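Input: a single structure, listed below in structure tokens.
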Amino acid sequence: MQIHKTDSKVLVIQRRVGKSYILRQIASQLISIGIPAKNIFYINKEFIEFDFLTTYTELEETVNAYKASLKPKGKFYLFIDEIQMIKGWEHFVNSHSQDFSEPCEIFITGSNSEMLSGELATLLAGRYVKFEIFPFSYVEYLGITKKQKSRRSYAEYMETGALPELFVLPNEETRRNYISALKDTILLRDIIWHYTIKDAKLLEDVFIYLVNNASNLISITNILNYFGSKKRKTSYDTLSNYISYLEQSFLIHKVERFNIKGKEVLSGIYKYYMSDLCFKNYLYPEFDHGVGYKLENLLFLELKRKGYMVYVGTFRGKEIDFIARRGDEMIYIQCCYMLTEKG
């Protein structure tokens, strides 16, 4: 008999989008179909109880202690939330993904896209399945708010945010404080500490610039000139690195241009979209460029939810808002809030 090892399941996206809740849902579903609770081990690195877990060897010792204590029979399920906070965690996952004698299925989450690049991608090639989690879609928004599908409810969806916890907070001020604290947490814990950022204020200002220029074509030279006009000293490489860190934390998404005629990806000028409109709506509403760019941002996120690779199209000097590719399927989309007829 040939035994097939189950792939590790990897959930990645920005903090507070609901990864932990999804893990708990999966665990609950396993119990509902008859999996014994002692066969499910859940570790959340944001819980104080797991502060002692700092390295992959300590993780291995903890899992062994769990098995020795509870003695799960048959297959056991290991859930590790925010695994990137454990140094060398990829060695643990790689080891267990290749252990065909151990009936184990692993689910992990992380808040940094870098966790699936480089060494891990090489180690786990073909042995993990990645799921990218996004804030609530419009349909999910209708479900949680009990509103009806309409132009008005979509406008309300566009003018708020889609992070799950926003819908349990009592008022606008509390939601604004929550979004501000979330932004600070991501910048501080996921970027400044992780990459030893020297100019934290510049990092935040770069984020603000990208938020307020979402859906516009931007080059790093544009940003460098902007800060130069404000008498802010920085460099091309520094800005490039800071933008990359913001991408890796999932606060923003970069979209490349695609030359339809030449069938090639163009570098140097990109569009950036926010992971969620809450940052614009609650933190920087004074920079208002109308609803068109918000609509474009929401459309980009919806395409990503549906599994498309997304590009900005160029053809004979004209722009196509989105070229979306999924397998052999390719679609071209022009996004606008209101159609007008000229002539």
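Ligands are numbered from 1 in the order shown, chains are lettered A, B, ... in the order of the structure tokens, and residues start at 1 in each chain.
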
Checklist entry - Please, which residues of range 126-218 of chain A, numbered as in this document, come out helix (DSSP H, G or I) from DSSP, as a PyMOL selection string? => result chain A and resi 138-145+151-158+164-168+172-195+200-212

Atoms to include: C-alpha atoms. Write the selected residues as a short mmCIF file (atom, residue, chain, number, x, y, z; two decimals), in the first residue's frame.
```
data_model
loop_
_atom_site.label_atom_id
_atom_site.label_comp_id
_atom_site.auth_asym_id
_atom_site.auth_seq_id
_atom_site.Cartn_x
_atom_site.Cartn_y
_atom_site.Cartn_z
CA TYR A 138 -19.75 42.53 -0.21
CA VAL A 139 -21.79 39.32 0.00
CA GLU A 140 -20.25 38.50 3.38
CA TYR A 141 -20.89 42.10 4.47
CA LEU A 142 -24.58 41.68 3.63
CA GLY A 143 -24.66 38.45 5.59
CA ILE A 144 -23.17 39.91 8.77
CA THR A 145 -25.13 43.19 8.66
CA ARG A 151 -26.86 50.52 -4.42
CA ARG A 152 -27.14 52.06 -0.97
CA SER A 153 -25.77 49.07 0.93
CA TYR A 154 -22.85 48.78 -1.50
CA ALA A 155 -22.05 52.47 -0.99
CA GLU A 156 -22.10 51.87 2.77
CA TYR A 157 -19.80 48.89 2.32
CA MET A 158 -17.45 51.08 0.30
CA PRO A 164 -14.45 41.28 11.02
CA GLU A 165 -13.97 43.02 14.39
CA LEU A 166 -15.33 46.31 13.04
CA PHE A 167 -18.81 44.84 13.12
CA VAL A 168 -18.81 44.25 16.87
CA GLU A 172 -17.31 55.32 14.82
CA GLU A 173 -14.79 56.59 17.36
CA THR A 174 -14.12 53.11 18.71
CA ARG A 175 -13.69 51.77 15.18
CA ARG A 176 -11.31 54.59 14.30
CA ASN A 177 -9.21 53.86 17.39
CA TYR A 178 -9.21 50.16 16.55
CA ILE A 179 -7.98 50.75 12.98
CA SER A 180 -5.31 53.18 14.22
CA ALA A 181 -4.08 50.63 16.78
CA LEU A 182 -4.07 47.87 14.15
CA LYS A 183 -2.03 50.02 11.78
CA ASP A 184 0.47 50.82 14.54
CA THR A 185 0.73 47.14 15.53
CA ILE A 186 1.47 46.01 11.99
CA LEU A 187 4.01 48.76 11.39
CA LEU A 188 5.72 48.20 14.74
CA ARG A 189 5.62 44.42 15.25
CA ASP A 190 5.64 43.13 11.68
CA ILE A 191 7.93 45.69 10.07
CA ILE A 192 9.90 48.02 12.38
CA TRP A 193 11.02 45.35 14.85
CA HIS A 194 11.40 42.61 12.25
CA TYR A 195 13.49 44.64 9.79
CA ALA A 200 9.72 54.78 11.61
CA LYS A 201 8.10 58.10 10.72
CA LEU A 202 9.17 57.77 7.09
CA LEU A 203 7.72 54.25 6.95
CA GLU A 204 4.35 55.52 8.15
CA ASP A 205 4.46 58.46 5.75
CA VAL A 206 5.15 56.09 2.85
CA PHE A 207 2.11 54.07 3.91
CA ILE A 208 -0.03 57.22 4.05
CA TYR A 209 1.20 58.25 0.59
CA LEU A 210 0.25 54.86 -0.88
CA VAL A 211 -3.16 54.88 0.82
CA ASN A 212 -3.95 58.29 -0.60
#
```

Checklist entry - Which neighbours of range 261-277 of chain A fall inside 7 Å, counting only C-alpha atoms, when residues of the same chain fewer than 4 positions from it are skipped, and could you give them as a list in words? => result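 In the requested format, the answer is Pro135, Thr160, Gly161, Ala162, Leu210, Val211, Ala214, Ser215, Asn216, Leu217, Ile218, Ser219, Phe250, Leu251, Ile252, His253, Lys254, Val255, Glu256, Arg257, Asn281, Asn297 and Phe315 of chain A.
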
Could you save those same residues with C-alpha atoms as a compact mmCIF listing (two decimals), in the first residue's frame?
```txt
# COMPACT_ATOMS: atom_id res chain seq x y z
CA PRO A 135 -11.47 40.94 4.53
CA THR A 160 -16.63 51.62 5.91
CA GLY A 161 -14.25 48.70 6.29
CA ALA A 162 -14.49 44.93 5.98
CA LEU A 210 0.25 54.86 -0.88
CA VAL A 211 -3.16 54.88 0.82
CA ALA A 214 -4.32 53.94 -4.29
CA SER A 215 -5.28 53.00 -7.87
CA ASN A 216 -2.92 55.63 -9.34
CA LEU A 217 0.09 54.69 -11.41
CA ILE A 218 3.14 55.30 -9.22
CA SER A 219 6.89 54.90 -9.50
CA PHE A 250 -0.28 42.61 3.44
CA LEU A 251 -1.19 46.24 4.15
CA ILE A 252 -0.90 47.00 0.45
CA HIS A 253 -0.88 45.02 -2.80
CA LYS A 254 1.31 45.91 -5.79
CA VAL A 255 -0.06 45.38 -9.29
CA GLU A 256 2.27 45.27 -12.29
CA ARG A 257 1.51 46.58 -15.76
CA ASN A 281 -12.06 55.75 5.47
CA ASN A 297 -9.79 48.93 -5.00
CA PHE A 315 -2.33 48.96 -25.14
```

Item to check | Counting only C-alpha atoms, the residue of A:Tyr245, A:Phe134, A:Phe41, A:Tyr21 that sits nearest Phe300 in chain A | outcome: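 Once distances to Phe300 in chain A are computed over only C-alpha atoms, the minimum belongs to A:Phe134.
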
Next on the checklist: Report, in Å with one decimal, the straight-line distance from CA of Phe76 in chain A to CA of Asn94 in chain A.
Outcome noted: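 Result for CA of Phe76 in chain A versus CA of Asn94 in chain A: 16.9 Å, one decimal.
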
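Across the structure, CA of Gly110 in chain A and CA of Gln84 in chain A are spaced 5.9 Å apart.
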
Checklist entry - Counting only C-alpha atoms, which of A:Ile83, A:Lys318, A:Ala324, A:Glu159 gets nearest to Gly292 in chain A? => result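 Residue with the minimum atom-to-atom distance to Gly292 in chain A: A:Glu159.
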
Item to check | Closest of A:Leu224, A:Val63, A:Ile108, A:Ile31 to Lys19 in chain A - atom-to-atom distances counting only C-alpha atoms | outcome: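 Between A:Leu224, A:Val63, A:Ile108, A:Ile31, the residue approaching Lys19 in chain A most closely is A:Ile108.
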
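Comparing the minimum interatomic distances between Ser244 in chain A and each of A:Lys130, A:Ile220, A:Ser20, A:Phe52, counting only C-alpha atoms, we find that A:Ile220 sits nearest.
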
Item to check | Between CA of Lys280 in chain A and CA of Tyr311 in chain A - distance in Å to one decimal | outcome: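 Distance between the two atoms: 22.5 Å.
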